[in-house]
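Each remark here refers to the structure printed beneath this line.
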Amino acid sequence: MGYDLYITPKQFDFQAMFDWLGWREHYEQGERQVRYSNEDTGVYFSFDFYDEPAQEEGERRQPYISFNLNYNRPHVFGLEAEPEVAAFLKQFESTIDDPQMEGMGQGPYSRDGFLRSWNAGNRFGFQAAGSSSQPPPPWSADPALIEAIWKWNYGRAALQKTAGNQVFVPRITWFLPANADAPVPAVNWTERVPTMIPEALVSHIALVRQPRQSLMRMFGLSSSDDRKFEFRLASVKGIAHMAGMDRGDAHGQPVFYTPLVQSADMNRLFSGAWPRDPASFIATELVCGADLVSLMKR
Amino acid sequence: MKRLGLVASILVLAACAPKEEPSAKTPPAPAVATAPAPAVEPAPAPDTRVAAMNLMCGDQPFRVAFEEMRAVVLNADGSNTDLPKLESSATSEPGVMTYTNGTMTFAKSGGGDTPTAVRFARGRMAFQDCAIAVN
């Protein structure tokens with residue numbers, strides 16, 4: 001179930017459009033499809049090319065492109081998709097058809113019109129999922145927090161470029177701690193790696209280290225460890241004010257920086273035996289605004 | 001359809017290990033070039049489809065993109081340093097790829113199903129293990 005925007009370019013130069021999208025960041029080309037997928041934000045959508053006019057009465061008579069964005073997604077999917085659609089329409093003069101219930105119809109295209117149309121369909125998608133026998137299980141969170149996290153992740157690569165090689169800018173991800181009933185936002189801090197941490201956006205820090213070799217394992221008395229990394233979750237409050245953390249701002253968010261050389265207290269954070277599966281990762285698309293999730297309740 | 005659902009986070013940590021993107025992809029260069037070549041060629045920009053890793057080697061932080069035939073060090077001043085990959089020889093350590101310009105050397109092993117390990121040496125000094133930032 002998703003949103004479709006039909007785009008009919010004045011001149012259907014498949015290769016030019018296909019290549020133009022393909023050169024943009026986060027796109028991958030398929031056979032007749034160009035797919036956007038942003039690893040930092042988890043947002044994805046696609047443009048499908050139909051260069052043979054439909055034969056059926058009432059169908060499209062000219063080659064067209066179908067932009068598709070799924071429903072039942074956090075509202076930030078629309079926010080990230082809109083500039084991409086707008087950029088395409090700016091580059092290739094086109095007419096549009098947005099047949100959704102609050103859609104833009106035959107146009108003209110506008111940012112507000114796109115967001116109104118997709119958000120209306122998305123809300124409908126949540127309502128419909130709520131009335132089905134087995135609704136999908138999105139997690140609920142404050143929509144403002146979801147948007148702030150998305151903004152951080154959306155700008156993360158640019159921020160890393162600005163920060164250079166002195167500090168690592170991590171993406172924010174959602175973890176479901178073992179025995180918890182709600183996911184928490186966290187960033188990774190890899191042992192010894194100076195890391196920028198947006199303290200107001202995360203409640204936890206995932207401490208990451210290379211697997212420790214136990215004596216038993218070194219002598220072949222226990223099975224080898226197949227994990228690439230070990231991690232455990234720690235509250236950001238317990239770490240943010242440790243001696244040695246520098247403070248600053250980035251993208252309008254207060255941040256602190258873990259130091260180049262870790263203190264003994266910090267080394268202790270990374271020591272000892274850690275549980276094997278302290279938390280599960282929750283995909284971004286499964287954490288939706290409380291306003292949307294509430295629509296599922298019958 | 002990319003519906004990930006719940007996955008054990010350690011797998012995800014492994015899967016997402018440092019995949020960091022440089023900015024916008026670079027379109028192909030135009031065919032016409034009229035300006036004379038500079039005396040010293042700057043290192044070409046890294047392939048933007050290859051993720052740059054944040055590394056901490058001893059007390060020295062680096063961002064490095066390991067490509068098929070070279071490693072590109074992204075310097076703090078915005079310049080790049082190109083480290084060609086050494087051809088493997090009879091004396092090469094198995095499974096280890098070495099990238100060097102004679103001044104800086106990175107040795108990378110693992111990847112795929114096994115943990116990635118990176119070591120760094122400056123000049124003829126001993127190798128140090130690098131911590132790899134996990135995202």
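Ordering of the structure tokens sets the chain letters (A, B, ...); residue numbers start at 1 within each chain; ligands are numbered from 1 in the order shown.
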
Give one line per residue of chain A that approaches chain B to at most 9 Å, naming the two atoms of the closest pair and their distance in Å to one decimal, counting only C-alpha atoms; sort by chain then ascending residue number and deliver it as JSON lines.
```
{"residue": "A:Trp23", "atom": "CA", "partner": "B:Lys25", "partner_atom": "CA", "distance": 5.9}
{"residue": "A:Arg24", "atom": "CA", "partner": "B:Lys25", "partner_atom": "CA", "distance": 6.1}
{"residue": "A:Glu25", "atom": "CA", "partner": "B:Ala24", "partner_atom": "CA", "distance": 5.2}
{"residue": "A:His26", "atom": "CA", "partner": "B:Ala24", "partner_atom": "CA", "distance": 8.7}
{"residue": "A:Glu39", "atom": "CA", "partner": "B:Lys19", "partner_atom": "CA", "distance": 8.5}
{"residue": "A:Asp40", "atom": "CA", "partner": "B:Glu20", "partner_atom": "CA", "distance": 8.7}
{"residue": "A:Tyr44", "atom": "CA", "partner": "B:Lys2", "partner_atom": "CA", "distance": 8.3}
{"residue": "A:Ala157", "atom": "CA", "partner": "B:Glu21", "partner_atom": "CA", "distance": 6.5}
{"residue": "A:Ala158", "atom": "CA", "partner": "B:Ser23", "partner_atom": "CA", "distance": 6.8}
{"residue": "A:Gln160", "atom": "CA", "partner": "B:Pro22", "partner_atom": "CA", "distance": 8.8}
{"residue": "A:Lys161", "atom": "CA", "partner": "B:Pro22", "partner_atom": "CA", "distance": 7.3}
{"residue": "A:Ala163", "atom": "CA", "partner": "B:Ala76", "partner_atom": "CA", "distance": 8.3}
{"residue": "A:Gly164", "atom": "CA", "partner": "B:Ala76", "partner_atom": "CA", "distance": 5.1}
{"residue": "A:Asn165", "atom": "CA", "partner": "B:Phe62", "partner_atom": "CA", "distance": 5.2}
{"residue": "A:Gln166", "atom": "CA", "partner": "B:Pro61", "partner_atom": "CA", "distance": 5.6}
{"residue": "A:Val167", "atom": "CA", "partner": "B:Pro61", "partner_atom": "CA", "distance": 7.6}
{"residue": "A:Phe168", "atom": "CA", "partner": "B:Asn54", "partner_atom": "CA", "distance": 6.3}
{"residue": "A:Val169", "atom": "CA", "partner": "B:Asn135", "partner_atom": "CA", "distance": 8.9}
{"residue": "A:Pro170", "atom": "CA", "partner": "B:Asn135", "partner_atom": "CA", "distance": 5.9}
{"residue": "A:Arg171", "atom": "CA", "partner": "B:Asn135", "partner_atom": "CA", "distance": 6.5}
{"residue": "A:Ile172", "atom": "CA", "partner": "B:Asn135", "partner_atom": "CA", "distance": 8.7}
{"residue": "A:Phe175", "atom": "CA", "partner": "B:Ser9", "partner_atom": "CA", "distance": 7.7}
{"residue": "A:Val187", "atom": "CA", "partner": "B:Asn135", "partner_atom": "CA", "distance": 7.9}
{"residue": "A:Asn188", "atom": "CA", "partner": "B:Asn135", "partner_atom": "CA", "distance": 6.2}
{"residue": "A:Trp189", "atom": "CA", "partner": "B:Ala133", "partner_atom": "CA", "distance": 7.6}
{"residue": "A:Thr190", "atom": "CA", "partner": "B:Ala133", "partner_atom": "CA", "distance": 5.4}
{"residue": "A:Glu191", "atom": "CA", "partner": "B:Ala131", "partner_atom": "CA", "distance": 7.2}
{"residue": "A:Arg192", "atom": "CA", "partner": "B:Ala131", "partner_atom": "CA", "distance": 6.5}
{"residue": "A:Val193", "atom": "CA", "partner": "B:Met56", "partner_atom": "CA", "distance": 5.7}
{"residue": "A:Pro194", "atom": "CA", "partner": "B:Met56", "partner_atom": "CA", "distance": 8.0}
{"residue": "A:Thr195", "atom": "CA", "partner": "B:Ala133", "partner_atom": "CA", "distance": 8.6}
{"residue": "A:Val208", "atom": "CA", "partner": "B:Val134", "partner_atom": "CA", "distance": 7.4}
{"residue": "A:Arg209", "atom": "CA", "partner": "B:Ala131", "partner_atom": "CA", "distance": 8.7}
{"residue": "A:Gln210", "atom": "CA", "partner": "B:Ala131", "partner_atom": "CA", "distance": 8.6}
{"residue": "A:Asp226", "atom": "CA", "partner": "B:Thr114", "partner_atom": "CA", "distance": 8.0}
{"residue": "A:Arg227", "atom": "CA", "partner": "B:Ile10", "partner_atom": "CA", "distance": 7.4}
{"residue": "A:Lys228", "atom": "CA", "partner": "B:Pro115", "partner_atom": "CA", "distance": 4.9}
{"residue": "A:Phe229", "atom": "CA", "partner": "B:Ile10", "partner_atom": "CA", "distance": 6.9}
{"residue": "A:Glu230", "atom": "CA", "partner": "B:Ile10", "partner_atom": "CA", "distance": 7.1}
{"residue": "A:Phe231", "atom": "CA", "partner": "B:Ile10", "partner_atom": "CA", "distance": 7.5}
{"residue": "A:Leu260", "atom": "CA", "partner": "B:Asp59", "partner_atom": "CA", "distance": 6.7}
{"residue": "A:Val261", "atom": "CA", "partner": "B:Asp59", "partner_atom": "CA", "distance": 7.1}
{"residue": "A:Arg276", "atom": "CA", "partner": "B:Ile10", "partner_atom": "CA", "distance": 8.8}
{"residue": "A:Asp277", "atom": "CA", "partner": "B:Ala8", "partner_atom": "CA", "distance": 7.3}
{"residue": "A:Pro278", "atom": "CA", "partner": "B:Ser9", "partner_atom": "CA", "distance": 8.5}
{"residue": "A:Ala279", "atom": "CA", "partner": "B:Ser9", "partner_atom": "CA", "distance": 6.4}
{"residue": "A:Ser280", "atom": "CA", "partner": "B:Ser9", "partner_atom": "CA", "distance": 4.6}
{"residue": "A:Phe281", "atom": "CA", "partner": "B:Ser9", "partner_atom": "CA", "distance": 4.5}
{"residue": "A:Ile282", "atom": "CA", "partner": "B:Leu6", "partner_atom": "CA", "distance": 5.6}
{"residue": "A:Ala283", "atom": "CA", "partner": "B:Leu4", "partner_atom": "CA", "distance": 6.2}
{"residue": "A:Glu285", "atom": "CA", "partner": "B:Arg3", "partner_atom": "CA", "distance": 8.0}
{"residue": "A:Leu286", "atom": "CA", "partner": "B:Gly5", "partner_atom": "CA", "distance": 7.4}
```

What parts of segment 15-262 of chain A does DSSP call strand (DSSP E)? I'd like the answer as a ChimeraX atom specification.
/A:27-29,33-37,44-50,64-70,94-97,139-141,173-177,184-190,196-198,204-209,230-235,246-250,253-257

Per-residue DSSP, segment 20-151 of chain A, filtered to alpha helix (DSSP H), as a PyMOL selection string:
chain A and resi 20-22+76-91+111-131+143-151

Can you tell me, as a list in words, what residues are no more than 7 Å from Val118 of chain B when counting only C-alpha atoms, ignoring any on the same chain fewer than 6 positions away?
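In the requested format, the answer is Phe106, Ala107, Lys108, Ser109, Asp129 and Cys130 of chain B.
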
Using only C-alpha atoms, which residues sit within 10 Å of segment 8-21 of chain A once same-chain residues fewer than 3 positions away are excluded, as a PDB file with C-alpha atoms, in the first residue's frame?
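After the write, part.pdb holds the following:
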```pdb
ATOM      1  CA  LEU A   5       2.677  10.152  -8.265  1.00  0.00           C
ATOM      2  CA  ARG A  24      22.393  11.578  -7.318  1.00  0.00           C
ATOM      3  CA  GLU A  25      23.336  10.536  -3.817  1.00  0.00           C
ATOM      4  CA  HIS A  26      21.624   7.398  -2.414  1.00  0.00           C
ATOM      5  CA  TYR A  27      20.171   6.149  -5.732  1.00  0.00           C
ATOM      6  CA  GLU A  28      20.732   2.763  -7.326  1.00  0.00           C
ATOM      7  CA  GLN A  29      19.668   1.879 -10.822  1.00  0.00           C
ATOM      8  CA  GLY A  30      17.723  -1.251 -11.646  1.00  0.00           C
ATOM      9  CA  GLU A  31      16.389  -2.275 -15.049  1.00  0.00           C
ATOM     10  CA  ARG A  32      13.564   0.247 -15.420  1.00  0.00           C
ATOM     11  CA  GLN A  33      13.656   1.511 -11.845  1.00  0.00           C
ATOM     12  CA  VAL A  34      15.808   3.908  -9.874  1.00  0.00           C
ATOM     13  CA  ARG A  35      15.621   3.273  -6.169  1.00  0.00           C
ATOM     14  CA  TYR A  36      16.533   5.715  -3.398  1.00  0.00           C
ATOM     15  CA  PHE A  47      10.951   5.930  -9.563  1.00  0.00           C
ATOM     16  CA  ASP A  48       9.688   3.393 -12.127  1.00  0.00           C
ATOM     17  CA  PHE A  49       9.918   4.136 -15.837  1.00  0.00           C
ATOM     18  CA  TYR A  50       7.151   3.103 -18.237  1.00  0.00           C
ATOM     19  CA  ASP A  51       8.182   4.064 -21.742  1.00  0.00           C
ATOM     20  CA  ARG A  60      -1.851   6.755 -19.599  1.00  0.00           C
ATOM     21  CA  ARG A  61      -1.321   7.510 -23.279  1.00  0.00           C
ATOM     22  CA  GLN A  62       2.245   8.741 -23.037  1.00  0.00           C
ATOM     23  CA  PRO A  63       5.411   7.293 -21.521  1.00  0.00           C
ATOM     24  CA  TYR A  64       5.486   8.152 -17.845  1.00  0.00           C
ATOM     25  CA  ILE A  65       7.301   7.690 -14.561  1.00  0.00           C
ATOM     26  CA  SER A  66       5.654   6.428 -11.406  1.00  0.00           C
ATOM     27  CA  GLU A  84      13.887  14.580  -4.510  1.00  0.00           C
ATOM     28  CA  ALA A  87      14.405  18.329  -7.980  1.00  0.00           C
ATOM     29  CA  PHE A  88      13.347  15.860 -10.666  1.00  0.00           C
ATOM     30  CA  LEU A  89      10.443  18.059 -11.767  1.00  0.00           C
ATOM     31  CA  GLN A  91      15.203  19.267 -14.048  1.00  0.00           C
ATOM     32  CA  PHE A  92      12.679  17.652 -16.425  1.00  0.00           C
ATOM     33  CA  GLU A  93       9.633  19.688 -17.389  1.00  0.00           C
ATOM     34  CA  SER A  94       6.644  17.451 -16.721  1.00  0.00           C
ATOM     35  CA  THR A  95       2.979  17.252 -15.941  1.00  0.00           C
ATOM     36  CA  ILE A  96       1.850  15.316 -12.900  1.00  0.00           C
ATOM     37  CA  ASP A  97      -1.113  13.240 -11.833  1.00  0.00           C
TER      38      ASP A  97
ATOM     39  CA  PRO B  27      29.415  12.790 -12.486  1.00  0.00           C
TER      40      PRO B  27
END
```

I'd like to know which of A:Gly107, A:Gly22, A:Gly155, A:Gly125 is closest to Asn72 of chain A, using only C-alpha atoms.
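Nearest to Asn72 of chain A: A:Gly125.
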